[in-house]
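Trainee: If it helps, the file is called start33.txt and holds compact mmCIF, C-alpha atoms:
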```txt
# COMPACT_ATOMS: atom_id res chain seq x y z
CA MET A 16 3.49 -27.35 -36.95
CA ASN A 17 0.11 -27.55 -38.55
CA PHE A 18 -2.04 -24.54 -38.19
CA ASN A 19 -5.77 -24.86 -37.79
CA ALA A 20 -8.77 -23.03 -36.42
CA THR A 21 -7.29 -23.13 -32.95
CA LEU A 22 -5.51 -19.96 -34.10
CA ILE A 23 -8.87 -18.23 -34.49
CA GLY A 24 -10.41 -19.71 -31.37
CA GLN A 25 -7.42 -18.73 -29.31
CA SER A 26 -7.49 -15.18 -30.70
CA ILE A 27 -11.15 -14.78 -29.82
CA THR A 28 -10.48 -16.14 -26.34
CA PHE A 29 -7.57 -13.77 -25.96
CA VAL A 30 -9.64 -10.75 -26.98
CA PHE A 31 -12.37 -11.75 -24.56
CA PHE A 32 -9.90 -12.23 -21.70
CA VAL A 33 -8.23 -8.89 -22.33
CA TRP A 34 -11.60 -7.18 -22.48
CA PHE A 35 -12.69 -8.80 -19.22
CA CYS A 36 -9.43 -7.91 -17.53
CA MET A 37 -9.62 -4.33 -18.74
CA LYS A 38 -13.22 -3.94 -17.64
CA TYR A 39 -13.54 -5.87 -14.39
CA VAL A 40 -10.12 -6.70 -13.03
CA TRP A 41 -7.66 -3.88 -13.61
CA PRO A 42 -9.70 -0.79 -12.62
CA PRO A 43 -10.90 -1.96 -9.17
CA ILE A 44 -7.44 -3.11 -8.16
CA MET A 45 -5.79 0.05 -9.41
CA ASN A 46 -8.43 2.15 -7.65
CA ALA A 47 -7.80 0.35 -4.39
CA LEU A 48 -4.06 0.83 -4.83
CA GLU A 49 -4.44 4.52 -5.65
CA ALA A 50 -6.85 5.05 -2.77
CA ARG A 51 -4.48 3.34 -0.36
CA LYS A 52 -1.57 5.39 -1.67
CA LYS A 53 -3.59 8.54 -1.08
CA GLN A 54 -4.63 7.39 2.37
CA ILE A 55 -1.04 6.73 3.32
CA ALA A 56 0.03 10.11 1.96
CA ASP A 57 -2.79 11.76 3.92
CA GLY A 58 -1.79 9.87 7.03
CA LEU A 59 1.80 10.99 6.68
CA ALA A 60 0.70 14.56 6.11
CA ALA A 61 -1.55 14.36 9.18
CA ALA A 62 1.34 12.99 11.21
CA ASP A 63 3.51 15.89 10.08
CA ARG A 64 0.78 18.32 10.96
CA GLY A 65 0.37 16.66 14.35
CA LYS A 66 4.08 16.92 14.97
CA HIS A 67 4.02 20.58 14.07
CA GLU A 68 1.02 21.15 16.34
CA LEU A 69 2.79 19.33 19.13
CA GLU A 70 5.76 21.63 18.72
CA LEU A 71 3.48 24.66 18.84
CA ALA A 72 1.70 23.29 21.91
CA ALA A 73 5.01 22.64 23.63
CA LYS A 74 6.06 26.16 22.86
CA ALA A 75 2.78 27.54 24.15
CA ALA A 76 3.07 25.44 27.27
CA ALA A 77 6.57 26.73 27.88
CA ASP A 78 5.32 30.30 27.39
CA ASN A 79 2.48 29.72 29.82
CA MET A 80 4.85 28.21 32.32
CA ARG A 81 7.15 31.20 32.09
CA ASP A 82 4.24 33.60 32.49
CA ALA A 83 2.92 31.65 35.43
CA LYS A 84 6.32 31.64 37.06
CA ALA A 85 6.68 35.38 36.58
CA GLN A 86 3.21 35.92 37.96
CA ALA A 87 3.91 33.70 40.92
CA ALA A 88 7.11 35.59 41.64
CA GLU A 89 5.20 38.85 41.46
CA VAL A 90 2.51 37.56 43.78
CA LEU A 91 5.16 36.34 46.16
CA ALA A 92 6.92 39.68 46.14
CA GLN A 93 3.65 41.47 46.72
CA ALA A 94 2.79 39.13 49.55
CA GLU A 95 6.16 39.69 51.13
CA LYS A 96 5.74 43.41 50.81
CA ARG A 97 2.28 43.16 52.28
CA ALA A 98 3.53 41.01 55.14
CA ALA A 99 6.27 43.49 55.91
CA GLN A 100 3.70 46.24 55.80
CA ILE A 101 1.42 44.34 58.15
CA VAL A 102 4.28 43.77 60.56
CA GLU A 103 5.17 47.43 60.31
CA ASP A 104 1.57 48.47 60.90
CA ALA A 105 1.28 46.09 63.80
CA LYS A 106 4.45 47.52 65.28
CA ILE A 107 3.10 51.04 65.00
CA ALA A 108 -0.27 50.01 66.41
CA ALA A 109 1.39 48.18 69.26
CA LYS A 110 3.56 51.17 70.00
CA ALA A 111 0.51 53.49 69.99
CA GLU A 112 -1.43 51.07 72.16
CA GLY A 113 1.48 50.80 74.55
CA GLU A 114 1.73 54.54 74.75
CA ARG A 115 -1.99 54.84 75.25
CA GLN A 116 -1.94 52.23 77.98
CA LEU A 117 1.04 53.93 79.53
CA ALA A 118 -0.82 57.24 79.50
CA ALA A 119 -3.89 55.60 80.96
CA ALA A 120 -1.81 53.97 83.67
CA GLN A 121 -0.11 57.25 84.42
CA ALA A 122 -3.48 59.00 84.60
CA ASN A 123 -4.72 56.24 86.83
CA ILE A 124 -1.67 56.55 89.03
CA GLU A 125 -2.08 60.30 89.19
CA GLN A 126 -5.73 59.89 90.07
CA GLU A 127 -4.84 57.38 92.76
CA ALA A 128 -2.18 59.75 94.02
CA ASN A 129 -4.67 62.61 94.03
CA ARG A 130 -7.15 60.51 95.91
CA ALA A 131 -4.48 59.43 98.35
CA ARG A 132 -3.43 63.03 98.78
CA GLU A 133 -7.10 64.01 99.37
CA ASP A 134 -7.42 61.27 101.95
CA LEU A 135 -4.16 62.27 103.43
CA ARG A 136 -5.27 65.88 103.54
CA GLU A 137 -8.53 64.93 105.21
CA GLN A 138 -6.74 62.77 107.67
CA VAL A 139 -4.18 65.49 108.30
CA ALA A 140 -7.02 67.99 108.82
CA ALA A 141 -8.78 65.59 111.10
CA LEU A 142 -5.51 64.94 112.88
CA ALA A 143 -4.86 68.69 113.12
CA VAL A 144 -8.34 69.32 114.38
CA ALA A 145 -8.04 66.44 116.80
CA GLY A 146 -4.71 67.81 117.92
CA ALA A 147 -6.14 71.29 118.17
CA GLU A 148 -9.14 69.96 120.02
CA LYS A 149 -6.98 68.21 122.44
CA ILE A 150 -5.05 71.38 123.04
CA LEU A 151 -8.07 73.56 123.10
CA ARG A 152 -10.35 71.33 125.09
CA ARG A 153 -8.90 72.56 128.20
CA GLU A 154 -9.35 76.14 127.35
CA VAL A 155 -11.80 76.32 124.49
CA ASN A 156 -15.44 75.55 124.71
CA ALA A 157 -16.32 73.36 121.87
CA GLN A 158 -19.67 74.89 121.58
CA ALA A 159 -18.23 78.35 121.49
CA HIS A 160 -15.85 77.58 118.83
CA ALA A 161 -17.89 75.17 116.71
CA ASP A 162 -18.43 77.71 114.01
CA LEU A 163 -14.75 78.36 113.74
CA LEU A 164 -13.91 74.68 113.63
CA GLY A 165 -16.51 74.05 110.88
CA GLN A 166 -15.08 76.86 108.88
CA LEU A 167 -11.61 75.45 109.23
CA LYS A 168 -12.74 72.02 108.18
CA ALA A 169 -14.34 73.38 105.03
CA GLU A 170 -11.21 75.21 104.14
CA LEU A 171 -9.07 72.15 104.23
CA MET B 25 1.55 -44.23 -23.38
CA ALA B 26 -0.56 -47.29 -23.31
CA GLU B 27 -0.29 -47.57 -27.06
CA ALA B 28 3.19 -46.10 -27.21
CA HIS B 29 5.66 -49.00 -27.28
CA THR B 30 8.81 -47.55 -28.80
CA SER B 31 10.58 -44.36 -27.85
CA GLY B 32 9.68 -42.77 -31.15
CA GLU B 33 6.01 -43.57 -30.69
CA TYR B 34 6.15 -42.27 -27.12
CA ILE B 35 7.62 -38.95 -28.23
CA LYS B 36 5.24 -38.60 -31.16
CA HIS B 37 2.32 -39.38 -28.90
CA HIS B 38 3.31 -36.62 -26.55
CA LEU B 39 3.69 -34.09 -29.32
CA GLN B 40 0.31 -34.73 -30.93
CA ASN B 41 -2.62 -32.46 -30.13
CA LEU B 42 -6.11 -33.77 -29.61
CA THR B 43 -7.54 -32.47 -32.86
CA PHE B 44 -11.22 -32.29 -33.64
CA GLY B 45 -12.27 -31.78 -37.23
CA GLN B 46 -13.75 -33.23 -40.40
CA HIS B 47 -12.33 -36.49 -41.61
CA PRO B 48 -11.72 -36.83 -45.36
CA ASP B 49 -14.73 -39.12 -45.56
CA GLY B 50 -16.97 -36.25 -44.40
CA THR B 51 -17.64 -37.33 -40.81
CA TRP B 52 -16.68 -35.12 -37.87
CA GLY B 53 -14.58 -36.47 -35.05
CA VAL B 54 -11.30 -36.65 -33.19
CA ALA B 55 -8.15 -37.49 -35.12
CA HIS B 56 -6.57 -40.76 -34.04
CA SER B 57 -3.17 -40.15 -35.60
CA ALA B 58 -0.95 -37.30 -36.69
CA ALA B 59 -1.74 -38.09 -40.30
CA GLU B 60 -5.47 -37.93 -39.68
CA ALA B 61 -5.04 -34.60 -37.91
CA LYS B 62 -3.11 -33.28 -40.90
CA GLU B 63 -5.78 -34.37 -43.33
CA MET B 64 -8.38 -32.33 -41.46
CA GLY B 65 -6.75 -29.17 -42.80
CA PHE B 66 -7.30 -25.73 -41.36
CA TRP B 67 -10.86 -26.16 -40.16
CA ALA B 68 -10.03 -28.32 -37.20
CA ILE B 69 -9.50 -27.37 -33.64
CA ASN B 70 -7.04 -28.58 -30.99
CA LEU B 71 -9.37 -29.41 -28.15
CA ASP B 72 -6.58 -29.83 -25.61
CA SER B 73 -4.87 -26.50 -26.35
CA MET B 74 -8.14 -24.61 -26.40
CA GLY B 75 -9.47 -26.36 -23.32
CA PHE B 76 -6.42 -25.87 -21.14
CA ALA B 77 -5.94 -22.31 -22.38
CA ILE B 78 -9.53 -21.39 -21.56
CA VAL B 79 -9.49 -23.11 -18.17
CA LEU B 80 -6.20 -21.45 -17.22
CA GLY B 81 -7.33 -18.05 -18.50
CA LEU B 82 -10.56 -18.33 -16.57
CA ALA B 83 -8.67 -19.42 -13.46
CA PHE B 84 -6.53 -16.31 -13.74
CA LEU B 85 -9.45 -13.98 -14.42
CA LEU B 86 -11.71 -15.39 -11.72
CA MET B 87 -8.97 -15.30 -9.13
CA PHE B 88 -8.08 -11.71 -9.96
CA ARG B 89 -11.73 -10.75 -10.24
CA ALA B 90 -12.40 -12.19 -6.78
CA ALA B 91 -9.56 -10.13 -5.40
CA ALA B 92 -10.69 -7.04 -7.31
CA LYS B 93 -14.23 -7.30 -5.98
CA LYS B 94 -13.04 -7.48 -2.40
CA ALA B 95 -10.23 -4.97 -2.85
CA THR B 96 -10.09 -2.71 0.16
CA ILE B 97 -7.99 0.29 1.03
CA GLY B 98 -7.12 -1.32 4.36
CA VAL B 99 -4.56 -3.98 5.08
CA PRO B 100 -4.81 -6.44 2.14
CA SER B 101 -5.49 -10.08 2.82
CA GLY B 102 -3.43 -12.93 1.35
CA LEU B 103 -5.04 -13.18 -2.09
CA GLN B 104 -5.40 -9.44 -2.48
CA ASN B 105 -1.83 -9.00 -1.43
CA PHE B 106 -0.62 -11.41 -4.09
CA VAL B 107 -2.85 -9.90 -6.79
CA GLU B 108 -1.74 -6.40 -5.88
CA TRP B 109 1.86 -7.50 -6.02
CA VAL B 110 1.39 -8.85 -9.56
CA VAL B 111 -0.61 -5.80 -10.65
CA GLU B 112 1.97 -3.41 -9.28
CA PHE B 113 4.73 -5.34 -11.00
CA ILE B 114 2.88 -5.14 -14.34
CA ASP B 115 2.02 -1.50 -13.76
CA GLY B 116 5.66 -0.75 -13.08
CA SER B 117 6.71 -2.52 -16.29
CA VAL B 118 4.12 -0.64 -18.33
CA ARG B 119 5.11 2.70 -16.80
CA GLY B 120 8.72 1.91 -17.53
CA SER B 121 8.31 0.87 -21.17
CA PHE B 122 5.15 2.58 -22.39
CA SER B 123 5.32 6.35 -22.59
CA HIS B 124 1.86 7.13 -23.98
CA LYS B 125 -1.64 7.14 -22.59
CA ASN B 126 -3.68 4.05 -23.37
CA PRO B 127 -5.92 2.32 -20.83
CA LEU B 128 -5.74 -0.93 -22.82
CA VAL B 129 -2.03 -1.61 -22.50
CA ALA B 130 -1.72 -2.37 -18.79
CA PRO B 131 -4.65 -4.85 -18.62
CA LEU B 132 -3.39 -6.37 -21.87
CA ALA B 133 0.05 -6.81 -20.36
CA LEU B 134 -1.43 -8.33 -17.21
CA THR B 135 -3.51 -10.78 -19.24
CA VAL B 136 -0.56 -11.74 -21.44
CA PHE B 137 1.76 -12.24 -18.50
CA MET B 138 -0.56 -14.26 -16.30
CA TRP B 139 -2.05 -16.30 -19.09
CA VAL B 140 1.25 -17.17 -20.71
CA PHE B 141 2.75 -17.90 -17.31
CA LEU B 142 -0.07 -20.28 -16.39
CA MET B 143 0.07 -21.99 -19.80
CA ASN B 144 3.82 -22.42 -19.40
CA PHE B 145 3.33 -23.61 -15.87
CA MET B 146 1.54 -26.70 -17.16
CA ASP B 147 4.99 -27.80 -18.28
CA LEU B 148 5.97 -28.40 -14.67
CA LEU B 149 3.30 -31.06 -14.19
CA PRO B 150 4.85 -34.50 -14.65
CA ILE B 151 4.33 -35.06 -18.35
CA ASP B 152 2.55 -38.37 -18.16
CA TRP B 153 -0.04 -37.66 -15.49
CA LEU B 154 -2.76 -35.92 -17.47
CA PRO B 155 -2.24 -37.85 -20.76
CA TRP B 156 -2.39 -41.11 -18.78
CA ILE B 157 -5.69 -40.11 -17.14
CA ALA B 158 -6.93 -39.07 -20.59
CA THR B 159 -5.97 -42.44 -22.02
CA LEU B 160 -7.90 -44.17 -19.27
CA LEU B 161 -10.89 -42.05 -20.24
CA GLY B 162 -10.49 -43.09 -23.87
CA VAL B 163 -9.02 -39.83 -25.13
CA PRO B 164 -6.24 -40.73 -27.62
CA TYR B 165 -4.04 -37.63 -27.30
CA LEU B 166 -3.54 -34.88 -24.78
CA LYS B 167 -0.96 -32.15 -24.98
CA VAL B 168 -1.21 -30.33 -21.67
CA VAL B 169 1.01 -27.30 -22.33
CA PRO B 170 -0.92 -24.91 -24.58
CA SER B 171 2.11 -22.73 -25.23
CA THR B 172 3.84 -25.67 -27.00
CA ASP B 173 1.12 -25.40 -29.62
CA PRO B 174 2.14 -22.85 -32.28
CA ASN B 175 -1.52 -22.09 -32.86
CA VAL B 176 -1.69 -20.64 -29.37
CA THR B 177 1.49 -18.59 -29.48
CA PHE B 178 0.75 -17.31 -32.98
CA ALA B 179 -2.78 -16.38 -31.96
CA LEU B 180 -1.39 -14.24 -29.17
CA ALA B 181 1.34 -12.73 -31.32
CA LEU B 182 -1.02 -12.00 -34.22
CA SER B 183 -3.53 -10.37 -31.88
CA VAL B 184 -0.75 -8.14 -30.60
CA PHE B 185 0.30 -7.53 -34.21
CA PHE B 186 -3.19 -6.35 -35.16
CA LEU B 187 -3.22 -4.05 -32.18
CA MET B 188 0.14 -2.66 -33.38
CA LEU B 189 -1.25 -2.03 -36.84
CA TYR B 190 -4.43 -0.49 -35.42
CA TYR B 191 -2.62 1.92 -33.14
CA SER B 192 0.01 2.74 -35.78
CA VAL B 193 -2.73 3.84 -38.18
CA LYS B 194 -4.74 5.52 -35.43
CA MET B 195 -1.85 7.55 -33.99
CA LYS B 196 0.02 8.42 -37.18
CA GLY B 197 -2.68 8.17 -39.83
CA PRO B 198 -2.38 5.82 -42.80
CA GLY B 199 0.00 8.27 -44.49
CA GLY B 200 2.19 8.62 -41.43
CA PHE B 201 2.38 4.88 -41.01
CA PHE B 202 3.27 4.41 -44.66
CA ALA B 203 5.89 7.15 -44.40
CA GLU B 204 7.41 5.38 -41.47
CA LEU B 205 7.69 2.21 -43.50
CA ALA B 206 8.77 3.76 -46.79
CA PHE B 207 10.83 6.89 -46.16
CA GLN B 208 13.49 5.57 -43.85
CA PRO B 209 16.15 4.57 -43.10
CA PHE B 210 17.33 5.52 -46.62
CA PRO B 211 16.36 8.65 -48.62
CA LYS B 212 12.87 8.77 -50.11
CA PHE B 213 13.82 7.80 -53.66
CA LEU B 214 14.95 4.41 -52.36
CA PHE B 215 11.50 3.74 -50.99
CA PRO B 216 11.21 0.18 -52.40
CA VAL B 217 14.30 -0.80 -50.44
CA ASN B 218 12.99 0.96 -47.36
CA LEU B 219 9.61 -0.70 -47.71
CA LEU B 220 11.23 -4.11 -48.00
CA LEU B 221 13.46 -3.57 -44.97
CA GLU B 222 10.81 -2.06 -42.76
CA GLY B 223 8.23 -4.59 -43.95
CA VAL B 224 10.47 -7.48 -42.98
CA GLY B 225 11.15 -5.77 -39.65
CA LEU B 226 7.46 -5.32 -39.06
CA ILE B 227 6.55 -8.92 -39.92
CA ALA B 228 9.48 -10.20 -37.89
CA LYS B 229 8.00 -8.78 -34.72
CA PRO B 230 4.94 -11.06 -34.35
CA VAL B 231 6.74 -14.03 -35.89
CA SER B 232 9.65 -13.78 -33.48
CA LEU B 233 7.27 -13.14 -30.60
CA ALA B 234 5.31 -16.30 -31.33
CA LEU B 235 8.29 -18.48 -32.25
CA ARG B 236 10.34 -17.47 -29.22
CA LEU B 237 7.67 -18.60 -26.79
CA PHE B 238 6.77 -21.67 -28.83
CA GLY B 239 10.39 -22.69 -29.32
CA ASN B 240 11.34 -22.34 -25.69
CA MET B 241 8.34 -24.21 -24.40
CA TYR B 242 8.51 -26.88 -27.10
CA ALA B 243 12.17 -27.49 -26.41
CA GLY B 244 11.58 -27.60 -22.67
CA GLU B 245 8.75 -30.06 -23.14
CA MET B 246 10.91 -32.15 -25.44
CA ILE B 247 13.62 -32.39 -22.80
CA PHE B 248 11.06 -33.49 -20.24
CA ILE B 249 9.90 -36.18 -22.68
CA LEU B 250 13.46 -37.36 -23.29
CA ILE B 251 14.14 -37.47 -19.55
CA ALA B 252 10.92 -39.40 -19.08
CA LEU B 253 12.21 -42.00 -21.54
CA MET B 254 14.98 -42.84 -19.07
CA PHE B 255 12.44 -44.10 -16.56
CA SER B 256 11.96 -47.24 -18.64
CA GLY B 257 15.72 -47.87 -18.79
CA GLY B 258 16.31 -49.68 -15.53
CA ILE B 259 16.72 -48.51 -11.95
CA VAL B 260 20.06 -46.69 -12.32
CA LEU B 261 18.96 -44.76 -15.38
CA GLY B 262 15.57 -44.20 -13.81
CA VAL B 263 17.01 -42.62 -10.64
CA PHE B 264 19.38 -40.55 -12.76
CA GLY B 265 16.40 -39.48 -14.84
CA GLY B 266 14.52 -38.54 -11.68
CA VAL B 267 17.37 -36.29 -10.56
CA LEU B 268 17.58 -34.78 -14.05
CA GLN B 269 13.88 -34.17 -14.18
CA TRP B 270 13.96 -32.44 -10.84
CA ALA B 271 16.91 -30.26 -11.90
CA TRP B 272 15.33 -29.40 -15.23
CA ALA B 273 12.00 -28.57 -13.53
CA VAL B 274 13.76 -26.21 -11.14
CA PHE B 275 15.52 -24.55 -14.05
CA HIS B 276 12.25 -24.50 -15.95
CA ILE B 277 10.58 -22.42 -13.23
CA LEU B 278 12.94 -19.67 -14.32
CA ILE B 279 12.28 -20.26 -18.02
CA ILE B 280 8.50 -20.21 -17.84
CA THR B 281 8.51 -17.01 -15.83
CA LEU B 282 11.11 -15.43 -18.04
CA GLN B 283 9.25 -16.33 -21.24
CA ALA B 284 6.01 -14.91 -19.86
CA PHE B 285 7.85 -11.77 -18.85
CA ILE B 286 9.57 -11.41 -22.23
CA PHE B 287 6.30 -11.88 -24.08
CA MET B 288 4.67 -9.22 -21.94
CA THR B 289 7.54 -6.76 -22.17
CA LEU B 290 7.79 -7.10 -25.96
CA THR B 291 4.04 -6.62 -26.25
CA ILE B 292 4.36 -3.36 -24.31
CA VAL B 293 7.40 -2.24 -26.28
CA TYR B 294 5.81 -3.02 -29.67
CA LEU B 295 2.68 -1.10 -28.73
CA ASP B 296 4.84 1.77 -27.51
CA MET B 297 6.60 1.83 -30.89
CA ALA B 298 3.21 1.79 -32.60
CA HIS B 299 2.21 4.89 -30.64
CA ALA B 300 5.49 6.75 -31.20
CA GLU B 301 5.53 9.40 -33.90
CA HIS B 302 9.12 8.71 -34.91
CA HIS B 303 11.58 5.98 -34.17
```
What would you get if you wrote out this structure as structure tokens?
Mentor:
Amino acid sequence: MNFNATLIGQSITFVFFVWFCMKYVWPPIMNALEARKKQIADGLAAADRGKHELELAAKAAADNMRDAKAQAAEVLAQAEKRAAQIVEDAKIAAKAEGERQLAAAQANIEQEANRAREDLREQVAALAVAGAEKILRREVNAQAHADLLGQLKAEL
Amino acid sequence: MAEAHTSGEYIKHHLQNLTFGQHPDGTWGVAHSAAEAKEMGFWAINLDSMGFAIVLGLAFLLMFRAAAKKATIGVPSGLQNFVEWVVEFIDGSVRGSFSHKNPLVAPLALTVFMWVFLMNFMDLLPIDWLPWIATLLGVPYLKVVPSTDPNVTFALALSVFFLMLYYSVKMKGPGGFFAELAFQPFPKFLFPVNLLLEGVGLIAKPVSLALRLFGNMYAGEMIFILIALMFSGGIVLGVFGGVLQWAWAVFHILIITLQAFIFMTLTIVYLDMAHAEHH
């Protein structure tokens, strides 16, 4: 073991190396490590937040679904009610129409009957007059009794 | 090994640094023997230790700097992934052992760990490769593992020691630091005894830090050298040596990592103690 100036040279080299390491090597690497650590932590936090938001969204979706279902049921009930109403209304309208048509038909029938009766009456009168004429022709002068016959005809 | 004929010469050759300094006759140059290197005294420099240490340190810094420049928040690529793994490991160690705020400690620990690890790692290269190439190039000696040079380990340990002293004085004040050394563990009137005990404890820290790393690596290197000697002992011994070398290299992977880790951890712990108000 003989000591010489290598001791000094080596010490100077050592100091320089440590200085270089402290200035140019350690800080950038540590910064990168810290930054990555932070990024990972942020990422994990974001994932947690996303999970939470997903839960909230799922809950909201379920709520919406329930609301929509309730609304749909309500609409359905209303529609059913409305349909029943329409059927009911239609029934009433049909009944009224039927009655109206029945009344009209009856009136028509009555009218027809009246007309038939009128015709019948006229024919009966004509028949009566013809009968009377036949009877009277022998004894009654048509000209003499024309006034009477006209009067009779008007009365019928 | 070209000049190394006997086992003793072979071992000595492998344990000699390439020393550059002033010869006794006044000329400057590379020492061509251990004795010449010794005669150069303190003002000589081990070119191999310094060279490998600087190259390895630069390799570490440039690799990590390249990763740091391209560091992204996104999915890290291969190099960045590896660098981040090392950095996080060091950061975890510092957070676990260092309970104060000091932006120097973590980069210091990273530098110590990676640098020491890479210097130790040179031990896993087959011991004759680089010295053989050096011999071909006319370089007389080449010791490839810088951490088997006590100059290197003591330089690291003493640097850490000065940081300990600096932060002890800075955090506790000169008086506080002195009180820590003089007024415990025994009552104040026994302060010479306290000072002696605590002083030895304080000095023991850098010395043990440096000697532990040096001793482990030196011993490991020595075993590699001894195993390498078997290769010249015939085919049976040579094959046996090959198996041994492989086994020792595998075991050594653990040792070099462990020694780097211990050096780093003790650096952190010593600096933590320097920051602490009381033991």
Trainee: Atom CA of A:Asn19 to atom CA of B:Trp67: how many Å, to one decimal?
Mentor: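 Atom-to-atom, atom CA of A:Asn19 to atom CA of B:Trp67, that is 5.8 Å.
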Trainee: Restrict the distance test to only C-alpha atoms, flag each residue of chain A within 10 Å of chain B, and return the flagged residues as a PyMOL selection string.
Mentor: chain A and resi 16-30+32-55
Trainee: Output C-alpha atoms for every residue in the selection just made, as a PDB file, in the coordinates of the input.
Mentor:
```pdb
ATOM      1  CA  MET A  16       3.490 -27.350 -36.950  1.00  0.00           C
ATOM      2  CA  ASN A  17       0.110 -27.550 -38.550  1.00  0.00           C
ATOM      3  CA  PHE A  18      -2.040 -24.540 -38.190  1.00  0.00           C
ATOM      4  CA  ASN A  19      -5.770 -24.860 -37.790  1.00  0.00           C
ATOM      5  CA  ALA A  20      -8.770 -23.030 -36.420  1.00  0.00           C
ATOM      6  CA  THR A  21      -7.290 -23.130 -32.950  1.00  0.00           C
ATOM      7  CA  LEU A  22      -5.510 -19.960 -34.100  1.00  0.00           C
ATOM      8  CA  ILE A  23      -8.870 -18.230 -34.490  1.00  0.00           C
ATOM      9  CA  GLY A  24     -10.410 -19.710 -31.370  1.00  0.00           C
ATOM     10  CA  GLN A  25      -7.420 -18.730 -29.310  1.00  0.00           C
ATOM     11  CA  SER A  26      -7.490 -15.180 -30.700  1.00  0.00           C
ATOM     12  CA  ILE A  27     -11.150 -14.780 -29.820  1.00  0.00           C
ATOM     13  CA  THR A  28     -10.480 -16.140 -26.340  1.00  0.00           C
ATOM     14  CA  PHE A  29      -7.570 -13.770 -25.960  1.00  0.00           C
ATOM     15  CA  VAL A  30      -9.640 -10.750 -26.980  1.00  0.00           C
ATOM     16  CA  PHE A  32      -9.900 -12.230 -21.700  1.00  0.00           C
ATOM     17  CA  VAL A  33      -8.230  -8.890 -22.330  1.00  0.00           C
ATOM     18  CA  TRP A  34     -11.600  -7.180 -22.480  1.00  0.00           C
ATOM     19  CA  PHE A  35     -12.690  -8.800 -19.220  1.00  0.00           C
ATOM     20  CA  CYS A  36      -9.430  -7.910 -17.530  1.00  0.00           C
ATOM     21  CA  MET A  37      -9.620  -4.330 -18.740  1.00  0.00           C
ATOM     22  CA  LYS A  38     -13.220  -3.940 -17.640  1.00  0.00           C
ATOM     23  CA  TYR A  39     -13.540  -5.870 -14.390  1.00  0.00           C
ATOM     24  CA  VAL A  40     -10.120  -6.700 -13.030  1.00  0.00           C
ATOM     25  CA  TRP A  41      -7.660  -3.880 -13.610  1.00  0.00           C
ATOM     26  CA  PRO A  42      -9.700  -0.790 -12.620  1.00  0.00           C
ATOM     27  CA  PRO A  43     -10.900  -1.960  -9.170  1.00  0.00           C
ATOM     28  CA  ILE A  44      -7.440  -3.110  -8.160  1.00  0.00           C
ATOM     29  CA  MET A  45      -5.790   0.050  -9.410  1.00  0.00           C
ATOM     30  CA  ASN A  46      -8.430   2.150  -7.650  1.00  0.00           C
ATOM     31  CA  ALA A  47      -7.800   0.350  -4.390  1.00  0.00           C
ATOM     32  CA  LEU A  48      -4.060   0.830  -4.830  1.00  0.00           C
ATOM     33  CA  GLU A  49      -4.440   4.520  -5.650  1.00  0.00           C
ATOM     34  CA  ALA A  50      -6.850   5.050  -2.770  1.00  0.00           C
ATOM     35  CA  ARG A  51      -4.480   3.340  -0.360  1.00  0.00           C
ATOM     36  CA  LYS A  52      -1.570   5.390  -1.670  1.00  0.00           C
ATOM     37  CA  LYS A  53      -3.590   8.540  -1.080  1.00  0.00           C
ATOM     38  CA  GLN A  54      -4.630   7.390   2.370  1.00  0.00           C
ATOM     39  CA  ILE A  55      -1.040   6.730   3.320  1.00  0.00           C
TER      40      ILE A  55
END
```
Trainee: Would you mind listing what lies within 12 Å of B:Leu282 as a list in words, with all atoms listed in the file counted and same-chain residues fewer than 5 positions away left out?
Mentor: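 Listing them by chain and then by number gives Phe137, Met138, Val140, Phe141, Asn144, Phe145, Arg236, Leu237, Asn240, Met241, Phe275, His276, Ile277, Phe287, Met288, Thr289 and Leu290 of chain B.
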Trainee: Write the selection just made, keeping C-alpha atoms, as a CSV table (one decimal), in the coordinates of the input?
Mentor:
```csv
chain,number,residue,atom,x,y,z
B,137,PHE,CA,1.8,-12.2,-18.5
B,138,MET,CA,-0.6,-14.3,-16.3
B,140,VAL,CA,1.2,-17.2,-20.7
B,141,PHE,CA,2.8,-17.9,-17.3
B,144,ASN,CA,3.8,-22.4,-19.4
B,145,PHE,CA,3.3,-23.6,-15.9
B,236,ARG,CA,10.3,-17.5,-29.2
B,237,LEU,CA,7.7,-18.6,-26.8
B,240,ASN,CA,11.3,-22.3,-25.7
B,241,MET,CA,8.3,-24.2,-24.4
B,275,PHE,CA,15.5,-24.6,-14.0
B,276,HIS,CA,12.2,-24.5,-16.0
B,277,ILE,CA,10.6,-22.4,-13.2
B,287,PHE,CA,6.3,-11.9,-24.1
B,288,MET,CA,4.7,-9.2,-21.9
B,289,THR,CA,7.5,-6.8,-22.2
B,290,LEU,CA,7.8,-7.1,-26.0
```
Trainee: Quick check, in Å to one decimal: how far apart do atom CA of B:Phe238 and atom CA of B:Trp153 lie?
Mentor: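 Computed distance, atom CA of B:Phe238 to atom CA of B:Trp153, equals 21.9 Å.
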Trainee: Between atom CA of B:Ala59 and atom CA of B:Tyr34, what distance in Å does the model show, to one decimal?
Mentor: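 One can read the atom CA of B:Ala59 to atom CA of B:Tyr34 distance as 15.9 Å.
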Trainee: Nearest to B:Phe248: which of B:Trp270, B:Phe185, B:Phe285, B:Phe264 is it, counting only C-alpha atoms?
Mentor: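 Going through B:Trp270, B:Phe185, B:Phe285, B:Phe264 one by one, the smallest distance to B:Phe248 is for B:Trp270.
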Trainee: Using all atoms listed in the file, determine which residues lie at most 9 Å from stretch 195-203 of chain B, disregarding the query and same-chain residues fewer than 5 positions distant; provide the list as a list in words.
Mentor: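 Answer for this query is Leu189, Tyr190, Gln208, Leu219, Ala298, His299, Ala300 and Glu301 of chain B.
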